[in-house]
$ cat upload-v9.cif   # mmCIF, C-alpha atoms
data_model
#
loop_
_atom_site.label_atom_id
_atom_site.label_comp_id
_atom_site.auth_asym_id
_atom_site.auth_seq_id
_atom_site.Cartn_x
_atom_site.Cartn_y
_atom_site.Cartn_z
CA MET A 1 103.59 -14.37 49.49
CA THR A 2 101.70 -17.23 51.05
CA GLU A 3 98.86 -18.58 48.89
CA GLN A 4 99.02 -15.50 46.73
CA THR A 5 96.09 -14.98 44.37
CA ALA A 6 96.98 -13.77 40.88
CA GLY A 7 95.57 -10.41 39.85
CA PRO A 8 96.54 -7.06 38.35
CA ASP A 9 98.53 -6.02 41.43
CA THR A 10 99.59 -9.43 42.72
CA ALA A 11 100.82 -11.37 39.69
CA GLU A 12 103.92 -13.41 40.46
CA PRO A 13 107.13 -12.13 38.86
CA ASP A 14 108.67 -14.11 36.04
CA ARG A 15 111.81 -14.81 38.08
CA PRO A 16 112.33 -15.74 41.74
CA PHE A 17 113.89 -13.49 44.36
CA GLN A 18 117.60 -14.26 44.28
CA GLU A 19 119.69 -14.14 47.44
CA LEU A 20 122.12 -11.24 47.61
CA ARG A 21 125.42 -11.93 49.36
CA SER A 22 128.00 -9.92 51.26
CA GLY A 23 130.64 -12.25 52.68
CA ASN A 24 129.00 -14.72 55.05
CA LEU A 25 125.79 -12.67 55.09
CA GLY A 26 122.93 -12.96 52.65
CA VAL A 27 119.48 -11.46 52.22
CA ARG A 28 116.57 -13.48 50.82
CA LEU A 29 112.96 -14.44 51.49
CA ALA A 30 111.97 -17.04 54.08
CA ALA A 31 111.67 -20.40 52.35
CA ASP A 32 109.47 -22.37 54.75
CA LYS A 33 107.53 -22.34 58.02
CA ASN A 34 110.64 -23.16 60.06
CA GLU A 35 112.35 -19.99 58.89
CA ILE A 36 109.20 -17.97 59.61
CA ASP A 37 109.23 -19.48 63.11
CA ALA A 38 112.86 -18.33 63.44
CA VAL A 39 111.76 -14.83 62.41
CA GLN A 40 109.06 -14.82 65.09
CA ALA A 41 111.54 -16.03 67.70
CA LEU A 42 113.96 -13.25 66.74
CA ARG A 43 111.21 -10.66 66.96
CA TYR A 44 110.27 -11.95 70.42
CA ARG A 45 113.85 -11.63 71.67
CA VAL A 46 114.23 -8.11 70.34
CA PHE A 47 110.79 -6.60 70.95
CA TYR A 48 109.83 -8.30 74.21
CA GLN A 49 112.99 -9.39 75.98
CA GLU A 50 115.21 -6.49 74.95
CA LEU A 51 112.91 -3.53 74.28
CA GLY A 52 110.26 -4.24 76.90
CA ALA A 53 107.12 -4.86 74.86
CA SER A 54 104.18 -6.20 76.87
CA ALA A 55 103.48 -9.85 76.14
CA ASP A 56 100.15 -11.61 76.48
CA SER A 57 99.98 -15.18 77.81
CA VAL A 58 100.25 -16.80 74.38
CA THR A 59 103.30 -14.72 73.44
CA THR A 60 104.96 -15.47 76.77
CA THR A 61 104.30 -19.19 76.47
CA THR A 62 105.38 -19.56 72.86
CA ARG A 63 108.21 -17.02 73.05
CA ARG A 64 107.18 -15.92 69.59
CA ASP A 65 106.01 -12.56 68.23
CA ARG A 66 103.35 -13.60 65.75
CA ASP A 67 100.06 -12.34 64.40
CA ILE A 68 97.68 -13.03 61.53
CA TYR A 69 99.59 -10.72 59.18
CA ASP A 70 102.50 -13.15 59.18
CA THR A 71 100.33 -15.60 57.22
CA VAL A 72 99.97 -13.26 54.23
CA ALA A 73 103.44 -11.69 54.25
CA ASP A 74 106.75 -12.27 52.58
CA HIS A 75 109.47 -12.34 55.23
CA LEU A 76 112.78 -10.81 54.19
CA LEU A 77 115.70 -12.41 56.02
CA VAL A 78 119.29 -11.57 56.69
CA VAL A 79 121.09 -14.87 57.21
CA ASP A 80 124.60 -15.59 58.44
CA HIS A 81 125.82 -18.65 56.57
CA ALA A 82 128.55 -19.13 59.17
CA LEU A 83 125.78 -20.20 61.57
CA GLY A 84 124.32 -22.82 59.24
CA GLU A 85 121.89 -23.02 56.36
CA GLY A 86 118.56 -23.31 58.17
CA PRO A 87 116.51 -21.35 60.71
CA GLU A 88 119.53 -21.02 63.00
CA SER A 89 121.10 -18.62 60.48
CA VAL A 90 118.38 -15.92 60.70
CA VAL A 91 119.80 -12.70 62.21
CA GLY A 92 117.58 -9.99 60.72
CA THR A 93 114.13 -9.58 59.20
CA TYR A 94 111.57 -7.28 57.59
CA ARG A 95 107.90 -8.11 57.01
CA LEU A 96 106.53 -7.27 53.55
CA ILE A 97 102.79 -7.22 52.82
CA GLN A 98 101.31 -6.55 49.39
CA ARG A 99 97.79 -5.38 48.67
CA GLU A 100 96.26 -8.81 48.07
CA GLY A 101 97.56 -10.11 51.39
CA ALA A 102 95.98 -7.16 53.18
CA ARG A 103 92.69 -7.82 51.40
CA ARG A 104 92.60 -11.35 52.75
CA ILE A 105 93.00 -10.02 56.30
CA GLY A 106 90.62 -7.13 55.68
CA GLN A 107 93.13 -4.30 56.07
CA PHE A 108 96.81 -3.42 56.24
CA TYR A 109 98.45 -3.57 59.67
CA SER A 110 98.99 0.22 59.56
CA SER A 111 95.23 0.77 59.31
CA GLY A 112 94.99 0.07 63.02
CA GLU A 113 96.84 3.33 63.62
CA TYR A 114 96.42 5.45 60.48
CA ASP A 115 93.94 6.40 57.79
CA ILE A 116 95.88 5.34 54.68
CA ALA A 117 93.09 5.91 52.15
CA GLY A 118 95.37 8.01 49.92
CA ILE A 119 97.90 5.20 49.66
CA GLU A 120 95.26 2.53 49.12
CA ALA A 121 93.78 4.62 46.29
CA LEU A 122 97.02 4.49 44.31
CA PRO A 123 96.42 2.42 41.16
CA GLY A 124 99.64 0.38 41.17
CA ARG A 125 101.20 -2.07 43.58
CA VAL A 126 101.86 -0.91 47.11
CA LEU A 127 103.91 -2.57 49.81
CA GLU A 128 103.64 -2.32 53.58
CA LEU A 129 106.89 -2.66 55.53
CA GLY A 130 106.96 -3.61 59.18
CA ARG A 131 108.30 -5.69 62.06
CA SER A 132 111.92 -4.89 61.24
CA CYS A 133 114.56 -6.09 63.69
CA VAL A 134 118.15 -7.30 63.81
CA ASP A 135 119.81 -9.55 66.38
CA THR A 136 122.04 -7.82 68.90
CA GLY A 137 125.36 -8.97 67.48
CA TYR A 138 124.52 -7.83 63.95
CA ARG A 139 123.47 -4.20 64.34
CA ASN A 140 125.97 -2.68 62.00
CA ARG A 141 126.01 -0.89 58.69
CA SER A 142 126.61 -3.98 56.56
CA VAL A 143 123.45 -5.70 57.83
CA MET A 144 121.34 -2.57 57.31
CA GLN A 145 122.78 -2.26 53.81
CA LEU A 146 121.72 -5.82 53.08
CA LEU A 147 118.19 -5.18 54.31
CA TRP A 148 117.88 -2.10 52.12
CA ARG A 149 119.35 -3.95 49.15
CA GLY A 150 116.82 -6.71 49.72
CA ILE A 151 113.92 -4.26 49.84
CA HIS A 152 115.16 -2.54 46.69
CA ALA A 153 115.41 -5.88 44.89
CA TYR A 154 111.91 -6.90 46.05
CA VAL A 155 110.44 -3.57 44.94
CA SER A 156 112.06 -3.90 41.52
CA LEU A 157 111.02 -7.53 41.14
CA HIS A 158 107.35 -6.90 41.94
CA GLY A 159 106.98 -3.48 40.34
CA ILE A 160 106.05 -1.79 43.61
CA GLU A 161 105.09 1.86 43.13
CA ALA A 162 104.84 2.96 46.76
CA MET A 163 105.84 1.52 50.11
CA PHE A 164 104.74 2.56 53.55
CA GLY A 165 104.50 1.46 57.15
CA CYS A 166 104.71 2.48 60.78
CA ALA A 167 108.18 3.36 62.06
CA SER A 168 108.89 3.61 65.77
CA LEU A 169 110.64 5.98 68.13
CA PRO A 170 111.50 4.56 71.56
CA GLY A 171 109.24 5.32 74.49
CA ILE A 172 105.67 6.51 74.93
CA ASP A 173 106.24 10.09 76.14
CA PRO A 174 105.75 12.39 73.12
CA ASP A 175 107.14 15.36 75.02
CA ALA A 176 110.44 13.51 75.39
CA LEU A 177 110.37 13.10 71.59
CA ALA A 178 109.31 16.69 70.88
CA LEU A 179 112.38 17.57 68.84
CA GLU A 180 112.19 14.51 66.59
CA LEU A 181 108.42 14.70 66.06
CA THR A 182 108.39 18.42 65.34
CA TYR A 183 111.30 18.09 62.94
CA LEU A 184 109.62 15.27 61.03
CA TYR A 185 106.38 17.24 60.70
CA TYR A 186 107.90 20.47 59.43
CA TYR A 187 110.62 19.03 57.19
CA HIS A 188 109.29 15.69 55.92
CA LEU A 189 105.47 15.84 55.83
CA ALA A 190 104.01 13.75 53.00
CA PRO A 191 102.14 15.37 50.10
CA SER A 192 98.45 15.68 50.93
CA ALA A 193 97.32 13.14 48.30
CA ILE A 194 99.21 10.28 49.95
CA ARG A 195 99.51 11.58 53.50
CA PRO A 196 98.48 9.12 56.22
CA HIS A 197 96.54 10.62 59.13
CA ALA A 198 96.59 9.15 62.61
CA LEU A 199 93.15 7.86 63.55
CA PRO A 200 91.27 10.50 65.59
CA HIS A 201 91.18 8.47 68.80
CA ARG A 202 94.92 7.77 68.58
CA TYR A 203 96.15 11.11 67.19
CA ILE A 204 99.13 12.69 68.98
CA GLU A 205 100.15 16.16 67.80
CA MET A 206 103.65 16.15 66.28
CA ARG A 207 104.11 19.96 66.35
CA ARG A 208 105.35 20.18 69.91
CA LEU A 209 107.92 22.98 69.44
CA ASP A 210 108.05 26.21 67.45
CA ARG A 211 109.60 25.61 64.07
CA ASP A 212 112.26 28.24 64.78
CA ALA A 213 113.34 26.27 67.86
CA ILE A 214 114.26 23.15 65.89
CA ASP A 215 117.93 22.18 65.78
CA THR A 216 117.79 20.07 62.61
CA ARG A 217 121.21 18.52 63.13
CA ALA A 218 120.37 17.44 66.67
CA ALA A 219 117.01 16.08 65.50
CA LEU A 220 118.63 13.93 62.83
CA ILE A 221 121.15 12.57 65.30
CA ARG A 222 118.35 11.55 67.66
CA LEU A 223 116.21 9.82 65.05
CA PRO A 224 116.36 6.00 64.99
CA PRO A 225 118.51 4.60 62.15
CA LEU A 226 115.49 3.05 60.44
CA ILE A 227 113.65 6.37 60.15
CA LYS A 228 116.82 8.09 58.95
CA GLY A 229 117.11 5.39 56.30
CA TYR A 230 113.61 6.12 55.03
CA LEU A 231 114.34 9.84 54.87
CA ARG A 232 117.56 9.30 52.93
CA LEU A 233 115.54 7.39 50.35
CA GLY A 234 113.14 10.28 49.89
CA GLY A 235 110.55 9.18 52.43
CA PHE A 236 107.83 11.30 54.00
CA VAL A 237 105.85 11.04 57.23
CA GLY A 238 102.16 11.23 57.95
CA ASP A 239 100.26 13.66 60.14
CA GLY A 240 100.06 12.63 63.76
CA ALA A 241 102.04 10.24 65.93
CA VAL A 242 100.50 7.21 67.64
CA ILE A 243 101.37 5.73 71.04
CA ASP A 244 101.80 1.95 70.97
CA PRO A 245 101.80 0.90 74.64
CA GLN A 246 102.23 -2.79 73.81
CA PHE A 247 105.56 -2.20 72.12
CA ASN A 248 106.59 0.79 74.28
CA THR A 249 106.99 3.01 71.21
CA THR A 250 105.71 6.17 69.58
CA ASP A 251 104.94 5.49 65.93
CA VAL A 252 104.99 7.67 62.84
CA ALA A 253 103.69 6.68 59.42
CA VAL A 254 106.28 6.64 56.64
CA VAL A 255 105.67 6.71 52.86
CA VAL A 256 108.21 6.26 50.05
CA ARG A 257 107.33 6.73 46.39
CA THR A 258 109.46 4.20 44.54
CA ASP A 259 109.70 6.30 41.36
CA LEU A 260 112.12 8.37 43.45
CA LEU A 261 113.73 5.36 45.10
CA THR A 262 116.15 3.96 42.53
CA GLY A 263 118.37 7.01 42.07
CA LYS A 264 118.40 7.88 45.76
CA TYR A 265 119.07 4.25 46.70
CA GLN A 266 121.98 3.96 44.29
CA LYS A 267 123.56 7.20 45.54
CA HIS A 268 122.99 6.24 49.17
CA TYR A 269 124.32 2.70 48.73
CA GLU A 270 127.37 3.79 46.73
CA ARG A 271 128.18 6.38 49.40
CA GLN A 272 127.87 3.76 52.15
CA ARG A 273 130.14 1.35 50.28
CA ARG A 274 132.86 4.03 50.15
CA GLU A 275 132.53 4.86 53.84
CA PRO A 276 134.22 2.71 56.50
CA THR A 277 131.89 0.49 58.48
CA VAL A 278 131.32 1.12 62.19
#

$ encode --input "upload-v9.cif" --output "structure tokens"
Amino acid sequence: MTEQTAGPDTAEPDRPFQELRSGNLGVRLAADKNEIDAVQALRYRVFYQELGASADSVTTTTRRDRDIYDTVADHLLVVDHALGEGPESVVGTYRLIQREGARRIGQFYSSGEYDIAGIEALPGRVLELGRSCVDTGYRNRSVMQLLWRGIHAYVSLHGIEAMFGCASLPGIDPDALALELTYLYYYHLAPSAIRPHALPHRYIEMRRLDRDAIDTRAALIRLPPLIKGYLRLGGFVGDGAVIDPQFNTTDVAVVVRTDLLTGKYQKHYERQRREPTV
């Protein structure tokens, strides 16, 4: 993490993060400002050009998705070594923010949408995940596997005890997402002690259908792959959705306790390795 200050929850690990490889693809942390710039360019292409996020004048001019949180984050990269060994190789990313980085900003990014007091009160290290995206030609199971392997390695390296963040469903009409939101509330609500709550002025009710009306199989099929990945790893959601008009999404808060992560990750990853890729 940039300019990280040592402390009880931010001490640097004894060993560096080692790149994990799968053929030409690898997952590692951004090494310099040029690779972070490549991350921001990728995010601009995906979020603004492809998914229709609303850009301000600076974003339009620079063609970069960037904010102050980038300066205190570790940036997990998927790189394709067939494209080169520098910024041109970046094809996927995840933004990782530890507690000390959030303190330097004044809050976690998620705090703009959710009350995360229960998570912040946890005594150990916590990690906020966000700004995940993958380039159009690389949206396949092997790349998602690498991202999850990278997160698992980072969590293990830093002794992270809980991770959380805002995950997005497409569109800003909660009624069009009634099945997914209702399913998440009734089947995956976080324990009260660590449950995020949407801020009152942004709170959107997730219980939009009767519980008996939920087709759980259909709901799972309609969930974005990223949210399904969190759920497979034992993740929970917070209370209340939030409309993000800038990014044209409806957000839910996700929490994963990492004491449950290792076994679920190993089973999930081993199962994926046995299955054919699509």

$ residues_around --input "upload-v9.cif" --residues "His188 of chain A" --least-positions-apart "4" --cutoff "9 Å" --atoms "all atoms listed in the file" --output "ChimeraX atom specification"
/A:183-184,231,234-238

$ closest_residue --input "upload-v9.cif" --among "A:Ala55, A:Ala190, A:Ala41, A:Leu223" --to "Arg257 of chain A" --atoms "only C-alpha atoms"
A:Ala190

$ resolve_selection --input "upload-v9.cif" --expression "the PyMOL selection byres ((chain A and resi 107) around 12)" --output "ChimeraX atom specification"
/A:68-69,72,97-106,108-117,120,128

$ resolve_selection --input "upload-v9.cif" --expression "the PyMOL selection byres ((chain A and resi 200-213) around 7)" --output "PyMOL selection string"
chain A and resi 113+178+181-182+185+198-199+214-215+240-242

$ write_last_selection --input "upload-v9.cif" --atoms "C-alpha atoms" --output "mmCIF file, keeping the file's coordinate frame"
data_model
loop_
_atom_site.group_PDB
_atom_site.id
_atom_site.type_symbol
_atom_site.label_atom_id
_atom_site.label_comp_id
_atom_site.auth_asym_id
_atom_site.auth_seq_id
_atom_site.Cartn_x
_atom_site.Cartn_y
_atom_site.Cartn_z
ATOM 1 C CA GLU A 113 96.840 3.330 63.620
ATOM 2 C CA ALA A 178 109.310 16.690 70.880
ATOM 3 C CA LEU A 181 108.420 14.700 66.060
ATOM 4 C CA THR A 182 108.390 18.420 65.340
ATOM 5 C CA TYR A 185 106.380 17.240 60.700
ATOM 6 C CA ALA A 198 96.590 9.150 62.610
ATOM 7 C CA LEU A 199 93.150 7.860 63.550
ATOM 8 C CA ILE A 214 114.260 23.150 65.890
ATOM 9 C CA ASP A 215 117.930 22.180 65.780
ATOM 10 C CA GLY A 240 100.060 12.630 63.760
ATOM 11 C CA ALA A 241 102.040 10.240 65.930
ATOM 12 C CA VAL A 242 100.500 7.210 67.640
#

$ residues_near_point --input "upload-v9.cif" --point "(114.0, 5.5, 77.1)" --cutoff "10 Å" --atoms "only C-alpha atoms" --output "list in words"
Leu51, Leu169, Pro170, Gly171, Ile172, Asp173, Ala176, Asn248 and Thr249 of chain A

$ atom_distance --input "upload-v9.cif" --atom1 "atom CA of Gly130 of chain A" --atom2 "atom CA of Arg95 of chain A"
5.1 Å

$ closest_residue --input "upload-v9.cif" --among "A:Pro225, A:Tyr94, A:Thr216, A:Glu50" --to "Arg141 of chain A" --atoms "only C-alpha atoms"
A:Pro225

$ closest_residue --input "upload-v9.cif" --among "A:Thr258, A:Asn34, A:Thr61, A:Gln40" --to "His158 of chain A" --atoms "all atoms listed in the file"
A:Thr258

$ resolve_selection --input "upload-v9.cif" --expression "the PyMOL selection byres ((chain A and resi 22) around 10)" --output "JSON, numbers by chain"
{"A": [20, 21, 23, 24, 25, 26, 27, 80, 142, 143, 145, 146]}

$ atom_distance --input "upload-v9.cif" --atom1 "atom CA of Asp259 of chain A" --atom2 "atom CA of Leu77 of chain A"
24.5 Å

$ atom_distance --input "upload-v9.cif" --atom1 "atom CA of Ser192 of chain A" --atom2 "atom CA of Leu96 of chain A"
24.5 Å

$ closest_residue --input "upload-v9.cif" --among "A:Arg217, A:Arg149, A:Arg131, A:Arg64" --to "Gly165 of chain A" --atoms "only C-alpha atoms"
A:Arg131

$ closest_residue --input "upload-v9.cif" --among "A:Lys33, A:Arg43, A:Arg222, A:Arg15" --to "Leu179 of chain A" --atoms "all atoms listed in the file"
A:Arg222

$ residues_near_point --input "upload-v9.cif" --point "(120.3, -9.8, 71.7)" --cutoff "12 Å" --atoms "all atoms listed in the file" --output "list in words"
Ala41, Leu42, Arg43, Tyr44, Arg45, Val46, Phe47, Tyr48, Gln49, Glu50, Leu51, Val91, Gly92, Cys133, Val134, Asp135, Thr136, Gly137, Tyr138 and Arg139 of chain A

$ residues_around --input "upload-v9.cif" --residues "Pro16 of chain A" --least-positions-apart "5" --cutoff "12 Å" --atoms "all atoms listed in the file" --output "NGL selection string"
:A and (1 or 28-29 or 31 or 153-154 or 156-158)
